[in-house]
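target15.txt follows (compact mmCIF, C-alpha atoms and all ligand atoms):
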```
# COMPACT_ATOMS: atom_id res chain seq x y z
CA MET A 115 -14.53 -26.35 64.48
CA ILE A 116 -13.09 -22.86 64.07
CA ARG A 117 -10.10 -24.17 62.19
CA THR A 118 -12.18 -26.30 59.84
CA ILE A 119 -14.35 -23.37 58.85
CA ALA A 120 -11.32 -21.14 58.41
CA LYS A 121 -9.49 -23.59 56.16
CA ALA A 122 -12.51 -24.15 54.01
CA THR A 123 -13.18 -20.45 53.67
CA ILE A 124 -9.79 -18.86 53.34
CA GLY A 125 -8.74 -21.01 50.38
CA SER A 126 -7.20 -19.39 47.37
CA ALA A 127 -9.22 -16.17 47.62
CA ALA A 128 -7.32 -15.28 50.77
CA ALA A 129 -3.98 -15.98 49.17
CA THR A 130 -4.80 -13.42 46.50
CA ALA A 131 -5.95 -10.91 49.09
CA ILE A 132 -2.87 -11.47 51.20
CA ALA A 133 -0.58 -11.08 48.23
CA ALA A 134 -2.32 -7.82 47.34
CA ALA A 135 -2.30 -6.66 50.95
CA SER A 136 1.29 -7.51 51.74
CA GLY A 137 3.28 -6.43 48.74
CA SER A 138 6.86 -7.59 48.59
CA VAL A 139 8.56 -8.21 51.89
CA ALA A 140 12.20 -7.40 52.45
CA SER A 141 12.76 -9.16 55.77
CA ALA A 142 10.55 -11.06 58.16
CA ALA A 143 9.11 -9.07 61.06
CA ASP A 144 7.85 -10.32 64.41
CA LEU A 145 4.84 -8.12 65.17
CA LYS A 146 3.02 -7.43 68.41
CA TYR A 147 -0.72 -6.82 68.26
CA VAL A 148 -2.63 -5.71 71.37
CA SER A 149 -6.27 -6.54 71.80
CA GLY A 150 -8.87 -7.23 74.43
CA ALA A 151 -9.65 -10.91 74.75
CA VAL A 152 -13.43 -11.22 75.06
CA GLY A 153 -15.06 -14.58 74.30
CA ASN A 154 -12.86 -16.70 72.01
CA ALA A 155 -10.98 -13.69 70.59
CA VAL A 156 -7.52 -15.18 71.10
CA GLU A 157 -8.35 -18.39 69.23
CA VAL A 158 -10.12 -16.46 66.47
CA PHE A 159 -7.09 -14.19 66.06
CA ARG A 160 -4.71 -17.15 65.73
CA THR A 161 -6.94 -18.78 63.13
CA LEU A 162 -7.13 -15.57 61.14
CA VAL A 163 -3.46 -14.69 61.10
CA GLU A 164 -1.97 -18.11 60.37
CA PRO A 165 -2.53 -17.90 56.59
CA TRP A 166 -1.14 -14.35 56.58
CA GLU A 167 1.96 -15.51 58.44
CA GLN A 168 2.48 -18.37 56.00
CA GLU A 169 2.02 -16.16 52.99
CA THR A 170 4.20 -13.24 54.11
CA GLY A 171 6.84 -14.95 56.26
CA HIS A 172 6.12 -12.48 59.08
CA THR A 173 4.92 -13.58 62.49
CA VAL A 174 2.57 -11.85 64.90
CA SER A 175 1.80 -12.42 68.54
CA LEU A 176 -1.27 -11.22 70.36
CA VAL A 177 -0.70 -9.31 73.56
CA PRO A 178 -3.99 -9.86 75.39
CA MET A 179 -5.50 -6.96 77.30
CA PRO A 180 -8.14 -6.88 80.04
CA ALA A 181 -11.65 -7.51 78.74
CA SER A 182 -12.87 -4.04 79.77
CA THR A 183 -12.54 -1.51 76.97
CA THR A 184 -12.10 1.16 79.65
CA ASP A 185 -9.06 -0.61 81.11
CA GLN A 186 -7.64 -1.18 77.63
CA PHE A 187 -7.96 2.49 76.81
CA GLY A 188 -6.03 3.45 79.95
CA GLN A 189 -3.21 1.05 79.10
CA TYR A 190 -3.05 2.07 75.43
CA ARG A 191 -2.83 5.72 76.39
CA LEU A 192 0.13 5.05 78.67
CA TRP A 193 2.01 3.06 76.02
CA LEU A 194 1.33 5.56 73.28
CA ALA A 195 2.21 8.56 75.44
CA ALA A 196 5.54 6.86 76.19
CA GLY A 197 6.17 6.27 72.45
CA ASN A 198 6.32 2.49 72.99
CA ALA A 199 8.03 0.89 69.98
CA ASP A 200 7.30 -2.69 71.11
CA ILE A 201 3.67 -2.64 70.06
CA ASP A 202 3.05 -2.46 66.30
CA LEU A 203 -0.73 -2.66 66.05
CA TYR A 204 -3.57 -1.70 68.37
CA GLN A 205 -7.09 -3.05 68.16
CA THR A 206 -9.20 0.04 68.80
CA ASP A 207 -12.77 0.67 69.89
CA VAL A 208 -14.98 2.67 67.51
CA ILE A 209 -15.12 5.57 70.01
CA TRP A 210 -11.38 6.13 70.33
CA ALA A 211 -10.34 7.54 66.95
CA PRO A 212 -10.56 11.24 67.92
CA GLN A 213 -8.66 10.66 71.16
CA LEU A 214 -5.78 8.60 69.80
CA SER A 215 -5.50 9.92 66.25
CA GLU A 216 -2.13 11.63 66.79
CA GLN A 217 -0.43 8.38 67.73
CA PHE A 218 -1.35 6.31 64.68
CA ILE A 219 -0.28 6.48 61.05
CA ASP A 220 -2.61 7.64 58.27
CA LEU A 221 -3.91 4.57 56.43
CA ASN A 222 -5.61 6.51 53.61
CA GLU A 223 -3.05 5.92 50.89
CA HIS A 224 -2.60 2.28 51.90
CA ALA A 225 -6.31 1.45 51.87
CA ALA A 226 -7.45 3.26 48.74
CA ASP A 227 -8.85 0.03 47.22
CA LEU A 228 -10.07 -1.47 50.48
CA ALA A 229 -11.92 1.46 52.08
CA PRO A 230 -14.71 1.64 49.46
CA LEU A 231 -15.70 -1.96 50.25
CA HIS A 232 -16.68 -0.92 53.80
CA PHE A 233 -19.77 0.97 54.94
CA PRO A 234 -18.92 4.66 54.47
CA SER A 235 -20.23 5.57 57.95
CA ILE A 236 -17.71 3.24 59.57
CA ILE A 237 -14.81 4.56 57.55
CA GLU A 238 -15.97 8.06 58.51
CA SER A 239 -16.00 7.12 62.21
CA GLN A 240 -12.31 6.24 61.90
CA THR A 241 -11.39 9.38 59.98
CA VAL A 242 -10.18 12.37 62.00
CA ASN A 243 -9.48 15.60 60.11
CA GLY A 244 -9.03 13.63 56.91
CA LYS A 245 -6.68 11.08 58.46
CA LEU A 246 -7.76 7.42 58.34
CA VAL A 247 -6.70 6.42 61.84
CA ALA A 248 -7.75 2.75 61.79
CA LEU A 249 -9.23 0.11 59.48
CA PRO A 250 -12.49 -1.53 60.56
CA ILE A 251 -12.41 -5.24 61.39
CA PHE A 252 -15.96 -5.62 62.71
CA THR A 253 -18.90 -3.56 63.87
CA ASP A 254 -21.23 -4.19 66.78
CA ALA A 255 -24.91 -3.65 67.53
CA PRO A 256 -26.49 -5.45 70.48
CA ALA A 257 -29.41 -7.86 70.63
CA LEU A 258 -31.94 -8.96 73.18
CA TYR A 259 -31.27 -12.66 73.61
CA TYR A 260 -34.21 -14.69 74.88
CA ARG A 261 -34.96 -18.28 75.81
CA MET A 262 -37.60 -19.56 73.39
CA ASP A 263 -38.16 -22.70 75.46
CA LEU A 264 -38.85 -20.84 78.71
CA LEU A 265 -41.17 -18.25 77.14
CA GLU A 266 -43.14 -21.02 75.48
CA LYS A 267 -43.27 -23.16 78.61
CA HIS A 268 -44.74 -20.29 80.63
CA GLY A 269 -47.02 -18.97 77.89
CA GLN A 270 -45.20 -15.64 77.49
CA GLU A 271 -44.63 -13.50 74.39
CA VAL A 272 -41.34 -11.92 73.34
CA PRO A 273 -41.51 -8.45 74.94
CA SER A 274 -41.35 -5.35 72.76
CA THR A 275 -41.12 -2.74 75.56
CA TRP A 276 -38.83 -2.49 78.57
CA GLU A 277 -41.89 -2.43 80.78
CA GLN A 278 -43.09 -5.76 79.27
CA LEU A 279 -39.61 -7.21 79.58
CA THR A 280 -39.64 -6.35 83.29
CA GLU A 281 -42.96 -8.17 83.73
CA VAL A 282 -42.16 -11.22 81.60
CA ALA A 283 -38.73 -11.66 83.20
CA ARG A 284 -40.36 -11.54 86.61
CA ALA A 285 -43.16 -13.97 85.71
CA VAL A 286 -40.83 -16.57 84.18
CA GLN A 287 -38.29 -16.21 86.97
CA ASP A 288 -40.98 -16.66 89.65
CA ALA A 289 -42.55 -19.66 87.88
CA GLU A 290 -39.19 -21.37 87.35
CA ARG A 291 -38.12 -20.80 90.93
CA ALA A 292 -41.43 -22.18 92.19
CA GLU A 293 -40.47 -25.38 90.35
CA GLY A 294 -37.12 -25.48 92.13
CA ASN A 295 -34.96 -23.79 89.46
CA ASP A 296 -33.27 -21.65 92.12
CA SER A 297 -30.44 -20.25 90.01
CA ILE A 298 -32.62 -18.68 87.28
CA TRP A 299 -32.65 -14.88 86.78
CA GLY A 300 -34.88 -12.82 84.52
CA PHE A 301 -32.42 -10.48 82.81
CA VAL A 302 -28.63 -10.12 82.66
CA TRP A 303 -26.78 -7.13 81.20
CA GLN A 304 -23.71 -4.93 81.75
CA GLY A 305 -24.03 -2.98 85.01
CA ASN A 306 -20.38 -2.49 85.98
CA ALA A 307 -19.11 1.10 86.15
CA TYR A 308 -17.30 1.14 82.77
CA GLU A 309 -17.85 1.88 79.08
CA GLY A 310 -20.23 -1.05 78.70
CA LEU A 311 -22.69 0.60 81.09
CA THR A 312 -22.58 3.74 78.96
CA CYS A 313 -23.70 1.53 76.03
CA ASP A 314 -26.54 -0.16 77.94
CA ALA A 315 -27.80 3.05 79.57
CA LEU A 316 -27.66 5.02 76.31
CA GLU A 317 -30.05 2.38 74.90
CA TRP A 318 -32.51 2.79 77.79
CA VAL A 319 -32.38 6.59 77.62
CA LYS A 320 -32.59 6.87 73.83
CA SER A 321 -35.44 4.34 73.54
CA PHE A 322 -37.40 6.29 76.18
CA GLY A 323 -37.06 9.40 73.98
CA GLY A 324 -34.41 10.86 76.30
CA GLY A 325 -31.78 11.74 73.66
CA GLN A 326 -28.11 10.77 73.31
CA ILE A 327 -26.47 12.34 76.41
CA VAL A 328 -24.75 14.96 74.23
CA GLU A 329 -26.40 15.59 70.86
CA PRO A 330 -24.42 15.67 67.59
CA ASP A 331 -24.45 19.52 67.72
CA GLY A 332 -22.85 19.49 71.20
CA THR A 333 -26.02 20.25 73.20
CA ILE A 334 -26.00 18.52 76.58
CA SER A 335 -29.41 16.86 76.67
CA ILE A 336 -29.20 14.22 79.39
CA ASN A 337 -31.16 15.96 82.16
CA ASN A 338 -34.73 15.37 80.98
CA GLU A 339 -37.90 13.60 82.10
CA ASN A 340 -37.60 10.71 79.65
CA ALA A 341 -34.03 9.93 80.64
CA ILE A 342 -35.08 10.03 84.29
CA ALA A 343 -37.98 7.63 83.61
CA ALA A 344 -35.61 5.21 81.80
CA LEU A 345 -33.16 5.12 84.69
CA GLU A 346 -35.95 4.80 87.22
CA LEU A 347 -37.19 1.64 85.51
CA ALA A 348 -33.67 0.18 85.15
CA SER A 349 -32.95 0.83 88.82
CA THR A 350 -35.77 -1.57 89.77
CA TRP A 351 -33.90 -4.48 88.13
CA PRO A 352 -30.84 -5.22 90.31
CA GLY A 353 -31.90 -7.64 93.03
CA THR A 354 -35.31 -8.34 91.45
CA ILE A 355 -35.13 -9.63 87.87
CA SER A 356 -31.33 -9.24 87.71
CA PRO A 357 -28.80 -10.64 90.18
CA PRO A 358 -27.51 -8.05 92.69
CA GLY A 359 -24.08 -8.78 91.23
CA VAL A 360 -25.16 -7.35 87.86
CA LEU A 361 -23.74 -4.05 89.10
CA ALA A 362 -20.31 -5.63 88.59
CA TYR A 363 -21.09 -7.46 85.33
CA GLN A 364 -19.36 -6.84 82.01
CA GLU A 365 -20.18 -8.70 78.79
CA GLU A 366 -18.51 -11.93 79.83
CA GLU A 367 -20.16 -12.18 83.25
CA ALA A 368 -23.58 -11.73 81.64
CA ARG A 369 -22.74 -14.35 79.03
CA GLY A 370 -21.53 -16.74 81.74
CA VAL A 371 -24.92 -16.65 83.50
CA TRP A 372 -26.80 -16.85 80.22
CA GLN A 373 -24.79 -19.64 78.66
CA THR A 374 -25.11 -21.90 81.71
CA GLY A 375 -28.86 -21.60 81.27
CA ASN A 376 -29.48 -19.27 84.20
CA ALA A 377 -31.13 -16.28 82.53
CA VAL A 378 -34.34 -15.75 80.58
CA PHE A 379 -33.08 -12.60 78.79
CA MET A 380 -29.66 -11.13 78.08
CA ARG A 381 -28.51 -7.89 76.49
CA ASN A 382 -25.28 -8.57 74.65
CA TRP A 383 -23.36 -8.08 71.39
CA PRO A 384 -23.53 -10.57 68.48
CA TYR A 385 -20.33 -12.40 69.56
CA ALA A 386 -22.48 -14.20 72.16
CA TYR A 387 -24.59 -15.75 69.38
CA SER A 388 -22.03 -18.23 68.03
CA LEU A 389 -20.69 -19.00 71.51
CA GLY A 390 -24.24 -19.61 72.77
CA ASN A 391 -24.74 -22.10 69.97
CA GLY A 392 -21.44 -23.86 70.67
CA ASP A 393 -21.34 -27.52 71.70
CA ASP A 394 -20.41 -26.65 75.28
CA SER A 395 -23.33 -24.25 75.71
CA ALA A 396 -26.33 -25.22 77.85
CA VAL A 397 -28.57 -22.97 75.73
CA LYS A 398 -27.53 -24.29 72.30
CA GLY A 399 -30.59 -24.28 70.04
CA LEU A 400 -32.83 -22.92 72.81
CA PHE A 401 -32.59 -19.19 72.16
CA ASP A 402 -33.23 -16.53 69.58
CA VAL A 403 -32.49 -12.80 69.31
CA THR A 404 -34.64 -9.75 68.77
CA THR A 405 -34.10 -6.01 68.80
CA LEU A 406 -33.86 -4.24 72.14
CA PRO A 407 -37.23 -3.02 73.49
CA THR A 408 -38.76 0.43 73.30
CA GLY A 409 -39.89 2.24 76.43
CA GLY A 410 -41.92 4.96 78.11
CA GLY A 411 -44.59 4.94 75.39
CA HIS A 412 -42.05 5.75 72.66
CA ASP A 413 -41.85 3.49 69.64
CA THR A 414 -38.22 3.48 68.55
CA SER A 415 -35.81 0.99 69.98
CA ALA A 416 -32.15 1.93 70.27
CA ALA A 417 -28.97 -0.10 69.86
CA THR A 418 -25.62 1.48 70.70
CA LEU A 419 -23.08 1.36 67.89
CA GLY A 420 -19.95 -0.52 68.87
CA GLY A 421 -17.15 -2.06 66.88
CA TRP A 422 -13.42 -2.65 66.58
CA ASN A 423 -10.68 -1.50 64.25
CA VAL A 424 -6.98 -1.96 63.75
CA ALA A 425 -4.49 0.90 63.91
CA VAL A 426 -0.75 1.00 63.20
CA SER A 427 1.37 2.73 65.82
CA LYS A 428 3.52 5.54 64.51
CA TYR A 429 6.24 4.28 66.88
CA SER A 430 6.30 0.82 65.25
CA GLU A 431 9.60 -0.12 63.66
CA ASN A 432 7.86 -2.63 61.39
CA GLN A 433 5.42 -0.37 59.62
CA GLU A 434 5.33 -2.11 56.27
CA ALA A 435 4.49 -5.49 57.79
CA ALA A 436 2.06 -3.89 60.25
CA ILE A 437 0.19 -2.15 57.42
CA SER A 438 0.01 -5.45 55.54
CA LEU A 439 -1.53 -7.18 58.57
CA ALA A 440 -4.01 -4.34 59.18
CA LYS A 441 -5.17 -4.51 55.57
CA TYR A 442 -5.49 -8.26 55.70
CA LEU A 443 -7.58 -8.19 58.90
CA ALA A 444 -9.90 -5.59 57.34
CA SER A 445 -10.19 -7.48 54.03
CA PRO A 446 -13.39 -9.23 52.86
CA GLU A 447 -11.75 -12.65 53.20
CA ALA A 448 -10.57 -12.22 56.78
CA GLN A 449 -13.85 -10.57 57.79
CA LYS A 450 -15.77 -13.47 56.32
CA VAL A 451 -13.84 -15.97 58.41
CA ARG A 452 -14.26 -13.80 61.51
CA THR A 453 -17.99 -13.65 60.89
CA LEU A 454 -18.29 -17.40 60.36
CA VAL A 455 -16.35 -18.33 63.48
CA ALA A 456 -17.23 -15.50 65.87
CA SER A 457 -20.53 -14.05 64.56
CA ASN A 458 -19.03 -10.55 64.58
CA LEU A 459 -20.88 -8.13 62.28
CA PRO A 460 -18.77 -7.40 59.18
CA THR A 461 -18.08 -3.86 57.99
CA ILE A 462 -17.73 -5.09 54.39
CA ILE A 463 -21.03 -4.34 52.68
CA SER A 464 -21.15 -7.43 50.41
CA LEU A 465 -20.81 -9.90 53.29
CA TYR A 466 -24.40 -9.20 54.32
CA ASP A 467 -25.44 -11.02 51.11
CA ASP A 468 -23.04 -13.92 51.57
CA GLU A 469 -24.78 -17.31 51.50
CA ASP A 470 -22.30 -19.12 53.75
CA ILE A 471 -22.70 -16.43 56.40
CA ALA A 472 -26.50 -16.46 56.16
CA ARG A 473 -26.50 -20.23 56.64
CA GLU A 474 -23.93 -20.48 59.45
CA GLN A 475 -24.74 -17.25 61.35
CA PRO A 476 -28.30 -16.20 60.50
CA ILE A 477 -28.12 -13.29 62.95
CA ILE A 478 -25.80 -11.42 60.54
CA PRO A 479 -28.15 -10.58 57.63
CA ARG A 480 -30.93 -9.98 60.17
CA TRP A 481 -28.74 -7.45 61.99
CA LYS A 482 -27.78 -5.28 59.01
CA ASP A 483 -30.54 -2.75 59.64
CA VAL A 484 -30.05 -2.77 63.39
CA PHE A 485 -26.42 -1.84 62.85
CA LEU A 486 -27.21 0.75 60.17
CA GLN A 487 -29.64 2.49 62.55
CA ALA A 488 -27.46 2.10 65.64
CA VAL A 489 -26.96 5.13 67.88
CA PRO A 490 -23.41 6.43 68.14
CA ARG A 491 -22.04 7.40 71.52
CA PRO A 492 -21.20 11.12 71.61
CA SER A 493 -17.51 10.70 70.81
CA ALA A 494 -17.67 12.91 67.70
CA PRO A 495 -19.13 16.03 69.44
CA THR A 496 -17.06 15.65 72.63
CA LYS A 497 -13.83 14.72 70.79
CA VAL A 498 -10.83 14.33 73.13
CA LYS A 499 -13.09 14.68 76.17
CA TYR A 500 -15.27 11.69 75.27
CA ASN A 501 -13.73 9.37 77.84
CA GLU A 502 -14.42 11.84 80.65
CA VAL A 503 -17.96 12.44 79.42
CA SER A 504 -18.62 8.71 79.31
CA ALA A 505 -17.08 8.13 82.76
CA LYS A 506 -19.31 10.83 84.25
CA PHE A 507 -22.35 9.33 82.57
CA TRP A 508 -21.70 5.73 83.64
CA SER A 509 -20.96 6.94 87.20
CA ALA A 510 -24.28 8.81 87.39
CA VAL A 511 -26.07 5.72 86.09
CA HIS A 512 -24.20 3.33 88.37
CA ASN A 513 -25.01 5.51 91.39
CA THR A 514 -28.68 5.53 90.43
CA LEU A 515 -28.75 1.74 89.96
CA SER A 516 -27.02 1.29 93.33
CA GLY A 517 -29.60 3.48 95.11
CA ASP A 518 -27.04 6.22 95.69
CA GLY A 519 -29.19 9.25 94.82
CA THR A 520 -32.28 9.35 92.61
CA ALA A 521 -32.20 9.42 88.82
CA ALA A 522 -33.35 13.06 88.89
CA GLU A 523 -30.63 14.11 91.34
CA ASN A 524 -27.87 12.23 89.55
CA LEU A 525 -28.80 13.51 86.09
CA GLU A 526 -29.02 17.10 87.33
CA LEU A 527 -25.54 16.80 88.79
CA LEU A 528 -24.30 15.13 85.60
CA GLU A 529 -25.63 17.99 83.50
CA PHE A 530 -23.76 20.46 85.68
CA GLU A 531 -20.52 18.46 85.41
CA LEU A 532 -20.84 18.12 81.64
CA GLU A 533 -21.48 21.86 81.26
CA GLU A 534 -18.30 22.49 83.22
CA LEU A 535 -16.33 20.07 81.06
CA LYS A 536 -17.73 21.67 77.90
CA GLY A 537 -16.82 25.12 79.30
CA SER A 538 -13.18 24.05 79.52
CA GLY A 539 -13.35 23.11 75.81
CA TRP A 540 -14.05 19.87 73.97
C1 LIG B 1 -18.19 -3.90 72.66
C2 LIG B 1 -18.32 -2.81 71.61
C3 LIG B 1 -17.50 -1.61 71.98
C4 LIG B 1 -17.91 -1.14 73.36
C5 LIG B 1 -17.76 -2.25 74.37
C6 LIG B 1 -18.27 -1.81 75.74
O1 LIG B 1 -16.91 -4.42 72.66
O2 LIG B 1 -17.91 -3.28 70.36
O3 LIG B 1 -17.66 -0.59 71.03
O4 LIG B 1 -17.19 0.00 73.76
O5 LIG B 1 -18.47 -3.37 73.95
O6 LIG B 1 -18.07 -2.79 76.70
```
Give the structure from this file in structure tokens form.
Amino acid sequence: MIRTIAKATIGSAAATAIAAASGSVASAADLKYVSGAVGNAVEVFRTLVEPWEQETGHTVSLVPMPASTTDQFGQYRLWLAAGNADIDLYQTDVIWAPQLSEQFIDLNEHAADLAPLHFPSIIESQTVNGKLVALPIFTDAPALYYRMDLLEKHGQEVPSTWEQLTEVARAVQDAERAEGNDSIWGFVWQGNAYEGLTCDALEWVKSFGGGQIVEPDGTISINNENAIAALELASTWPGTISPPGVLAYQEEEARGVWQTGNAVFMRNWPYAYSLGNGDDSAVKGLFDVTTLPTGGGHDTSAATLGGWNVAVSKYSENQEAAISLAKYLASPEAQKVRTLVASNLPTIISLYDDEDIAREQPIIPRWKDVFLQAVPRPSAPTKVKYNEVSAKFWSAVHNTLSGDGTAAENLELLEFELEELKGSGW
């Protein structure tokens, strides 16, 4: 399926793009590209790069990383600190640019024609002190996935607040279990202690009017009544509407429960849309998506901004070929294929008006505004300290969800720790 779509789409337009992206090649290079392998990422990567390999004569192999972005970051840092020349390209999370900028080459001069095709805010997120650290390959903004069939069967509406979601999930779960559907759960999400929990919890806090942990001007805002109320509600979920094991779930564990038909609601990124509609999915055709709920009497929902980019290592000995591949993966043609086969949100503006995409992956045009209004994690104000800030936040949240201290206690302690971190400079 993936290959058929890719062949039909890449066609001659891609050949032109590849020719423009690659320039003339002196000798064939064998590149190494590191990336997390969530969902069908490995297969999608192969499909995307084959035409580039044929056109340029270079080859590239994917070095798969753990699914957790937190684990990837740790590994990347070690390789880069050691000046590893074996890895040519790194697939990088949207939050990493300020922390890894020294280790990658400046792509500004190479992407002068390509950069203006992307949303300016995304290019900006990958620009550190004027240096274009990475080229965007897709962006991310989560959805609330819900089972249309189960809501209809039990006479329930799609919830628009977290409080309603808690009630509806409970009602449908109870009714299904009473009929003998013992494995059903109300709501699955990302509760493991890692970057994904920072994303989920930022959405609860922000939608309850509790701010963004650290505000764009550097103010530490997390210790407030609204944030406490958000975490108090979320801490009622594990073991009631969510499996107790949700405290160890990342994206793929949540998708596993959802896609086998065992959840009424799921919070996940758009990649789960095409996989959920795949032939091997038990929920194919049975679900839809909506924006994440609002909460605590506030009326703005919040979606955390995610997304992935490609950076060229300054230690690579194949820079020309690596730049060519980075440009190709960020090009409109490659992004279109990625969107068609993996329902990743493109960063190329025009693809939101593309008819093939609207037909094959209707979530994409619907999600343009969600992505444009998505809330960034505080990586810009906390710069090189972002990873520590995030780790302290997800730990405070994970403790609260596990019943280890109250939300009020954990957020007070978090505020103190963040003040200390800020005091040592960020
Ligand atoms: C998705 C997002 C990424 C985020 C990660 C957290 O991959 O695109 O930005 O950090 O999820 O698990």
**OP:** Find the residues near ligand LIG 1 (chain B). Use a cut-off of 7 Å, count all atoms listed in the file, and write them as a PyMOL selection string.
**Re:** chain A and resi 182-183+207-209+253-254+309-310+313+364-365+383+419-422
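Among the candidates A:Thr170, A:Gln186, A:Asn340, A:Thr350, the one nearest to Ala151 (chain A) when counting all atoms listed in the file is A:Gln186.
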Original post:
So which residues touch Lys146 (chain A) within 9 Å, counting all atoms listed in the file, skipping near sequence neighbours fewer than 5 positions away, as a VMD selection string?
Top reply: chain A and resid 173 to 177 200 to 204 436
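For the pair CA of Leu347 (chain A) and CA of Phe401 (chain A), the interatomic distance is 25.2 Å.
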Sorted by chain and rising residue number, list the residues of region 243-326 of chain A at most 8 Å from region 214-230 of chain A (counting all atoms listed in the file), each with its closest atom pair and distance in Å to one decimal, as a tab-separated table.
```
residue	atom	partner	partner_atom	distance
A:Lys245	CA	A:Asp220	CA	5.3
A:Leu246	CA	A:Asp220	CA	5.2
A:Val247	CA	A:Asp220	CA	5.6
A:Ala248	CA	A:Leu221	CA	6.8
A:Leu249	CA	A:Leu221	CA	7.6
```
Selection from above, C-alpha atoms, as a PDB file, in the coordinates of the input, can you write it?
```
ATOM      1  CA  LYS A 245      -6.680  11.080  58.460  1.00  0.00           C
ATOM      2  CA  LEU A 246      -7.760   7.420  58.340  1.00  0.00           C
ATOM      3  CA  VAL A 247      -6.700   6.420  61.840  1.00  0.00           C
ATOM      4  CA  ALA A 248      -7.750   2.750  61.790  1.00  0.00           C
ATOM      5  CA  LEU A 249      -9.230   0.110  59.480  1.00  0.00           C
TER       6      LEU A 249
END
```
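Straight-line separation from CA of Val455 (chain A) to CA of Leu162 (chain A): 9.9 Å.
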I'd like the neighbourhood of Ser141 (chain A) as a short mmCIF file (atom, residue, chain, number, x, y, z; two decimals) with C-alpha atoms, in the coordinates of the input, where a residue qualifies if any of its atoms comes within 12 Å (using all atoms listed in the file), though same-chain residues fewer than 3 positions away should be ignored.
```
data_model
loop_
_atom_site.label_atom_id
_atom_site.label_comp_id
_atom_site.auth_asym_id
_atom_site.auth_seq_id
_atom_site.Cartn_x
_atom_site.Cartn_y
_atom_site.Cartn_z
CA SER A 138 6.86 -7.59 48.59
CA ASP A 144 7.85 -10.32 64.41
CA THR A 170 4.20 -13.24 54.11
CA GLY A 171 6.84 -14.95 56.26
CA HIS A 172 6.12 -12.48 59.08
CA THR A 173 4.92 -13.58 62.49
CA ASN A 432 7.86 -2.63 61.39
CA GLU A 434 5.33 -2.11 56.27
CA ALA A 435 4.49 -5.49 57.79
#
```
**OP:** Return the single residue from A:Ala417, A:Tyr442, A:Tyr429, A:Gln205 that is closest to Glu164 (chain A), with distances computed using all atoms listed in the file.
**Re:** A:Tyr442
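Atom pair CA of Ala510 (chain A) / CA of Thr280 (chain A): separated by 22.0 Å.
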**OP:** Would you please work out which residue, of A:Pro256, A:Ser235, A:Asn243, A:Leu515, is nearest to Ser356 (chain A) when using all atoms listed in the file?
**Re:** A:Leu515
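Nearest-residue note for Ile251 (chain A): choosing from A:Trp193, A:Phe507, A:Tyr387, A:Phe159, the minimum distance belongs to A:Phe159, counting all atoms listed in the file.
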Kindly assemble as CSV a list of the region 325-410 of chain A residues that lie within 8 Å of region 294-306 of chain A, each paired with its nearest atom pair and their distance in Å to one decimal, using all atoms listed in the file, sorted first by chain and then by ascending residue number.
```
residue,atom,partner,partner_atom,distance
A:Ile355,CA,A:Gly300,CA,4.6
A:Ser356,CA,A:Phe301,CA,5.2
A:Pro357,CA,A:Trp299,CA,6.7
A:Val360,CA,A:Gly305,CA,5.3
A:Leu361,CA,A:Gly305,CA,4.2
A:Ala362,CA,A:Asn306,CA,4.1
A:Tyr363,CA,A:Asn306,CA,5.1
A:Gln364,CA,A:Gln304,CA,4.8
A:Glu365,CA,A:Gln304,CA,6.0
A:Ala368,CA,A:Val302,CA,5.4
A:Val371,CA,A:Val302,CA,7.6
A:Trp372,CA,A:Val302,CA,7.4
A:Gly375,CA,A:Ile298,CA,7.7
A:Asn376,CA,A:Ile298,CA,4.4
A:Ala377,CA,A:Trp299,CA,4.7
A:Val378,CA,A:Gly300,CA,4.9
A:Phe379,CA,A:Phe301,CA,4.6
A:Met380,CA,A:Val302,CA,4.8
A:Arg381,CA,A:Trp303,CA,5.1
A:Asn382,CA,A:Trp303,CA,6.9
```
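The set of protein, DNA and RNA residues with any counted atom at most 10 Å from (-40.5, 4.5, 68.9) (only C-alpha atoms) reads Thr275, Lys320, Ser321, Phe322, Gly323, Pro407, Thr408, Gly409, Gly410, Gly411, His412, Asp413, Thr414, Ser415 and Ala416 of chain A.
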Include C-alpha atoms and write out the residues we just selected as an mmCIF file, keeping the file's coordinate frame.
```cif
data_model
loop_
_atom_site.group_PDB
_atom_site.id
_atom_site.type_symbol
_atom_site.label_atom_id
_atom_site.label_comp_id
_atom_site.auth_asym_id
_atom_site.auth_seq_id
_atom_site.Cartn_x
_atom_site.Cartn_y
_atom_site.Cartn_z
ATOM 1 C CA THR A 275 -41.120 -2.740 75.560
ATOM 2 C CA LYS A 320 -32.590 6.870 73.830
ATOM 3 C CA SER A 321 -35.440 4.340 73.540
ATOM 4 C CA PHE A 322 -37.400 6.290 76.180
ATOM 5 C CA GLY A 323 -37.060 9.400 73.980
ATOM 6 C CA PRO A 407 -37.230 -3.020 73.490
ATOM 7 C CA THR A 408 -38.760 0.430 73.300
ATOM 8 C CA GLY A 409 -39.890 2.240 76.430
ATOM 9 C CA GLY A 410 -41.920 4.960 78.110
ATOM 10 C CA GLY A 411 -44.590 4.940 75.390
ATOM 11 C CA HIS A 412 -42.050 5.750 72.660
ATOM 12 C CA ASP A 413 -41.850 3.490 69.640
ATOM 13 C CA THR A 414 -38.220 3.480 68.550
ATOM 14 C CA SER A 415 -35.810 0.990 69.980
ATOM 15 C CA ALA A 416 -32.150 1.930 70.270
#
```
Mind dumping a table of every region 265-367 of chain A residue within 6 Å of region 478-498 of chain A, with the nearest atom pair and its distance in Å to one decimal, using only C-alpha atoms, sorted by chain and rising number, as a tab-separated table?
```
residue	atom	partner	partner_atom	distance
A:Val328	CA	A:Pro492	CA	5.8
A:Pro330	CA	A:Pro495	CA	5.6
A:Gly332	CA	A:Pro495	CA	5.4
```
